[in-house]
Amino acid sequence: MRPTLLALLGFYLLSCLSAWAKEPAEDAPTDSADTPAASERPLLPERSVSDAQTLEQRLDKREQQMLQAGAESFLALWLPANVGEPSGAVILLPGDVENADGAAAVGPLRRKLPDAGWHSLSITLPDPDGDPLPPRTANSETPAPAGDEASDAEAESAANDSPEPTAAPAAPEISPEQRRQAHVERVMARIEAAIAFADQQQAKEIVLLGHGSGAYWAARYLSERKPQNVQNLLMVAAELPAGFAPPLDELVAQLPVATGDFYYKDQASERQAALKRLQASKRAKLPTYIQVAMKALPGNLPVQEEQLYRRLRGWLQLHIRTSGG
């Protein structure tokens with residue numbers, strides 16, 4: 001029996017050694033072409049896209065409208081007026097850090113305006129580009145793996161002896177100004193799509209209402225595009241987006257529409273900016289520009305929201321300018 005056991009034991013040891021020899025070493029380098037770089041990660045969506053996905057999950061599907069602006073679609077929130085004969089539609093444009101249901105002003109207003117006899121259509125604007133950082137390349141993000149000294153010397157020698165390869169054409173660099181202009185076109189396209197949707201609902205009158213930097217984009221759209229079916233603008237706590245021009249007081253002087261400019265007088269910077277807009281309207285002799293100062297109530301937001309709603313509703317009742325007028 002002993003020779004047989006020894007033979008079996010020897011066969012077993014030889015089999016194990018053969019199997020170990022066939023297995024790749026754990027420390028052996030793998031082919032970099034088959035293994036993605038550890039630094040490669042999927043790009044995160046824009047904030048406006050993430051916000052839209054959250055709103056789609058949270059809000060009633062009947063409020064949601066997907067509109068088309070050029071090559072991209074975006075979410076809009078629609079609420080019909082709670083009256084038999086609506087006065088028209090108010091399109092709400094939130095600021096850069098808000099969305100179509102923002103708590104600062106846009107969300108409460110879009111829900112309250114239908115009780116005043118107005119359809120409400122709220123949209124989220126694309127993310128502002130401002131001054132972008134230079135695009136990062138794969139070479140700057142992922143360093144080449146270090147090899148042994150002999151391999152490095154061979155590679156350097158081969159590179160010196162061989163003719164210089166033809167460089168691949170570099171992707172054209174986009175200047176900050178070009179990126180800002182691209183952002184302007186995206187914003188304008190969304191506003192235009194919202195106006196087209198309101199027109200399809202046979203709204204008697206269409207009003208643009210912008211909050212924060214949304215007020216700037218509403219004013220700029222009306223100043224540059226001059227749509228015949230939009231004759232009224234409401235600006236709430238208007239702000240100039242960083243990196244963009246012209247300033248709001250220059251836009252106000254060019255507005256061909258009836259304008260209600262609502263601002264909070266508590267901050268000196270807001271008062272000064274509002275004064276510049278008022279002075280510009282006087283120099284331009286705008287008879288339909290009205291400015292309204294309000295007091296901020298940060299400790300009682302429901303009262304502040306109700307104050308803003310009542311002031312805007314009063315303007316819509318008294319100062320609305322019809323498209324035919």
# chains A, B, ... in the order shown; residues from 1 in each chain; ligands from 1
>>> residues_around(residues="Ala273 in chain A", least_positions_apart="3", cutoff="9 Å", atoms="only C-alpha atoms", output="VMD selection string")
chain A and resid 238 to 239 248 to 249 268 to 270 276 to 278
>>> residues_around(residues="Arg321 in chain A", least_positions_apart="5", cutoff="8 Å", atoms="only C-alpha atoms", output="short mmCIF file (atom, residue, chain, number, x, y, z; two decimals) with C-alpha atoms, in the first residue's frame")
data_model
loop_
_atom_site.label_atom_id
_atom_site.label_comp_id
_atom_site.auth_asym_id
_atom_site.auth_seq_id
_atom_site.Cartn_x
_atom_site.Cartn_y
_atom_site.Cartn_z
CA GLN A 231 -46.64 93.05 -23.95
CA ASN A 232 -46.13 92.76 -20.19
CA VAL A 257 -43.58 96.55 -22.88
CA ALA A 258 -45.48 97.51 -19.74
#
>>> closest_residue(among="A:Pro241, A:Gly117, A:Pro247, A:Pro298", to="Asp266 in chain A", atoms="only C-alpha atoms")
A:Pro298
>>> select_by_dssp(residues="range 232-303 of chain A", states="helix (DSSP H, G or I)", output="NGL selection string")
:A and (248-253 or 268-283 or 301-303)
>>> select_by_dssp(residues="range 85-322 of chain A", states="strand (DSSP E)", output="VMD selection string")
chain A and resid 88 to 93 118 to 123 206 to 211 230 to 236 258 to 264 289 to 294
>>> write_last_selection(atoms="N, CA and C atoms", output="mmCIF file, in the first residue's frame")
data_model
loop_
_atom_site.group_PDB
_atom_site.id
_atom_site.type_symbol
_atom_site.label_atom_id
_atom_site.label_comp_id
_atom_site.auth_asym_id
_atom_site.auth_seq_id
_atom_site.Cartn_x
_atom_site.Cartn_y
_atom_site.Cartn_z
ATOM 1 N N GLY A 88 -55.371 85.204 -19.040
ATOM 2 C CA GLY A 88 -54.207 84.920 -19.859
ATOM 3 C C GLY A 88 -53.282 83.961 -19.144
ATOM 4 N N ALA A 89 -52.000 83.982 -19.520
ATOM 5 C CA ALA A 89 -51.009 83.077 -18.949
ATOM 6 C C ALA A 89 -49.813 83.878 -18.457
ATOM 7 N N VAL A 90 -49.294 83.503 -17.283
ATOM 8 C CA VAL A 90 -48.074 84.087 -16.734
ATOM 9 C C VAL A 90 -46.983 83.025 -16.807
ATOM 10 N N ILE A 91 -45.892 83.358 -17.501
ATOM 11 C CA ILE A 91 -44.745 82.457 -17.612
ATOM 12 C C ILE A 91 -43.721 82.881 -16.570
ATOM 13 N N LEU A 92 -43.381 81.964 -15.660
ATOM 14 C CA LEU A 92 -42.474 82.280 -14.556
ATOM 15 C C LEU A 92 -41.071 81.752 -14.842
ATOM 16 N N LEU A 93 -40.091 82.644 -14.704
ATOM 17 C CA LEU A 93 -38.693 82.290 -14.915
ATOM 18 C C LEU A 93 -37.949 82.422 -13.595
ATOM 19 N N TRP A 118 -55.414 83.474 -13.802
ATOM 20 C CA TRP A 118 -54.327 83.361 -14.765
ATOM 21 C C TRP A 118 -53.775 81.935 -14.800
ATOM 22 N N HIS A 119 -53.568 81.429 -16.016
ATOM 23 C CA HIS A 119 -52.788 80.195 -16.151
ATOM 24 C C HIS A 119 -51.373 80.484 -15.680
ATOM 25 N N SER A 120 -50.704 79.494 -15.127
ATOM 26 C CA SER A 120 -49.290 79.657 -14.779
ATOM 27 C C SER A 120 -48.465 78.574 -15.464
ATOM 28 N N LEU A 121 -47.344 79.007 -16.047
ATOM 29 C CA LEU A 121 -46.401 78.093 -16.696
ATOM 30 C C LEU A 121 -45.020 78.433 -16.170
ATOM 31 N N SER A 122 -44.414 77.506 -15.443
ATOM 32 C CA SER A 122 -43.119 77.748 -14.808
ATOM 33 C C SER A 122 -42.070 76.845 -15.441
ATOM 34 N N ILE A 123 -40.911 77.413 -15.747
ATOM 35 C CA ILE A 123 -39.841 76.638 -16.364
ATOM 36 C C ILE A 123 -38.559 76.787 -15.550
ATOM 37 N N ILE A 206 -50.148 87.166 -22.577
ATOM 38 C CA ILE A 206 -49.012 86.418 -22.041
ATOM 39 C C ILE A 206 -48.105 87.393 -21.311
ATOM 40 N N VAL A 207 -47.779 87.060 -20.063
ATOM 41 C CA VAL A 207 -46.939 87.898 -19.224
ATOM 42 C C VAL A 207 -45.695 87.107 -18.843
ATOM 43 N N LEU A 208 -44.534 87.737 -18.962
ATOM 44 C CA LEU A 208 -43.296 87.129 -18.456
ATOM 45 C C LEU A 208 -43.052 87.644 -17.049
ATOM 46 N N LEU A 209 -42.798 86.721 -16.116
ATOM 47 C CA LEU A 209 -42.507 87.079 -14.726
ATOM 48 C C LEU A 209 -41.178 86.434 -14.354
ATOM 49 N N GLY A 210 -40.177 87.251 -14.077
ATOM 50 C CA GLY A 210 -38.864 86.733 -13.723
ATOM 51 C C GLY A 210 -38.501 87.059 -12.296
ATOM 52 N N HIS A 211 -37.884 86.085 -11.617
ATOM 53 C CA HIS A 211 -37.428 86.283 -10.238
ATOM 54 C C HIS A 211 -35.904 86.176 -10.204
ATOM 55 N N VAL A 230 -46.376 89.273 -26.526
ATOM 56 C CA VAL A 230 -46.022 89.487 -25.119
ATOM 57 C C VAL A 230 -45.811 90.984 -24.915
ATOM 58 N N GLN A 231 -46.699 91.611 -24.142
ATOM 59 C CA GLN A 231 -46.645 93.054 -23.951
ATOM 60 C C GLN A 231 -46.493 93.447 -22.486
ATOM 61 N N ASN A 232 -46.194 92.462 -21.618
ATOM 62 C CA ASN A 232 -46.127 92.756 -20.185
ATOM 63 C C ASN A 232 -45.005 91.966 -19.531
ATOM 64 N N LEU A 233 -44.305 92.665 -18.597
ATOM 65 C CA LEU A 233 -43.182 92.070 -17.883
ATOM 66 C C LEU A 233 -43.294 92.383 -16.403
ATOM 67 N N LEU A 234 -43.071 91.368 -15.571
ATOM 68 C CA LEU A 234 -43.000 91.540 -14.120
ATOM 69 C C LEU A 234 -41.625 91.081 -13.659
ATOM 70 N N MET A 235 -40.918 91.958 -12.936
ATOM 71 C CA MET A 235 -39.600 91.623 -12.395
ATOM 72 C C MET A 235 -39.677 91.651 -10.874
ATOM 73 N N VAL A 236 -39.170 90.582 -10.245
ATOM 74 C CA VAL A 236 -39.186 90.478 -8.783
ATOM 75 C C VAL A 236 -37.750 90.283 -8.304
ATOM 76 N N ALA A 258 -45.109 97.031 -21.067
ATOM 77 C CA ALA A 258 -45.476 97.508 -19.739
ATOM 78 C C ALA A 258 -44.721 96.688 -18.702
ATOM 79 N N THR A 259 -44.102 97.368 -17.723
ATOM 80 C CA THR A 259 -43.198 96.691 -16.789
ATOM 81 C C THR A 259 -43.538 97.031 -15.358
ATOM 82 N N GLY A 260 -43.662 95.992 -14.528
ATOM 83 C CA GLY A 260 -43.770 96.153 -13.088
ATOM 84 C C GLY A 260 -42.493 95.663 -12.434
ATOM 85 N N ASP A 261 -41.775 96.552 -11.767
ATOM 86 C CA ASP A 261 -40.467 96.252 -11.176
ATOM 87 C C ASP A 261 -40.624 96.224 -9.655
ATOM 88 N N PHE A 262 -40.662 95.018 -9.079
ATOM 89 C CA PHE A 262 -40.874 94.836 -7.643
ATOM 90 C C PHE A 262 -39.543 94.479 -6.987
ATOM 91 N N TYR A 263 -39.184 95.218 -5.953
ATOM 92 C CA TYR A 263 -37.900 94.964 -5.301
ATOM 93 C C TYR A 263 -38.057 95.117 -3.792
ATOM 94 N N TYR A 264 -37.121 94.519 -3.055
ATOM 95 C CA TYR A 264 -37.105 94.610 -1.592
ATOM 96 C C TYR A 264 -36.129 95.717 -1.191
ATOM 97 N N TYR A 289 -43.716 102.011 -17.155
ATOM 98 C CA TYR A 289 -42.793 101.400 -16.202
ATOM 99 C C TYR A 289 -43.194 101.830 -14.797
ATOM 100 N N ILE A 290 -43.462 100.835 -13.917
ATOM 101 C CA ILE A 290 -43.884 101.119 -12.545
ATOM 102 C C ILE A 290 -42.995 100.341 -11.602
ATOM 103 N N GLN A 291 -42.473 101.025 -10.596
ATOM 104 C CA GLN A 291 -41.605 100.383 -9.616
ATOM 105 C C GLN A 291 -42.308 100.332 -8.264
ATOM 106 N N VAL A 292 -42.197 99.180 -7.600
ATOM 107 C CA VAL A 292 -42.872 98.960 -6.314
ATOM 108 C C VAL A 292 -41.850 98.444 -5.306
ATOM 109 N N ALA A 293 -41.673 99.192 -4.206
ATOM 110 C CA ALA A 293 -40.769 98.772 -3.133
ATOM 111 C C ALA A 293 -41.525 97.947 -2.104
ATOM 112 N N MET A 294 -40.920 96.863 -1.641
ATOM 113 C CA MET A 294 -41.542 95.993 -0.644
ATOM 114 C C MET A 294 -40.567 95.763 0.505
#
>>> residues_around(residues="Ala194 in chain A", least_positions_apart="2", cutoff="9 Å", atoms="only C-alpha atoms", output="list of chain:residue names")
A:Leu67, A:Gln68, A:Ala69, A:Ala76, A:Ile91, A:Leu121, A:Ser122, A:Ile123, A:Ala189, A:Arg190, A:Ile191, A:Glu192, A:Ala196, A:Phe197, A:Ala198, A:Asp199
>>> closest_residue(among="A:Ala245, A:Glu224, A:His319, A:Pro80", to="Gln202 in chain A", atoms="only C-alpha atoms")
A:Pro80
>>> closest_residue(among="A:Ala105, A:Val97, A:Val83, A:Leu301", to="Glu46 in chain A", atoms="only C-alpha atoms")
A:Val97
>>> atom_distance(atom1="CA of Val303 in chain A", atom2="CA of Ala116 in chain A")
17.7 Å
>>> closest_residue(among="A:Leu297, A:Leu113, A:Arg58, A:Val49", to="Pro86 in chain A", atoms="only C-alpha atoms")
A:Leu113
>>> atom_distance(atom1="CA of Phe244 in chain A", atom2="CA of Arg47 in chain A")
19.7 Å
>>> closest_residue(among="A:Gln254, A:Gln267, A:Gln65, A:Ser223", to="Ala193 in chain A", atoms="only C-alpha atoms")
A:Gln65
>>> closest_residue(among="A:Glu72, A:Asp101, A:Val187, A:Arg220", to="Thr54 in chain A", atoms="only C-alpha atoms")
A:Asp101
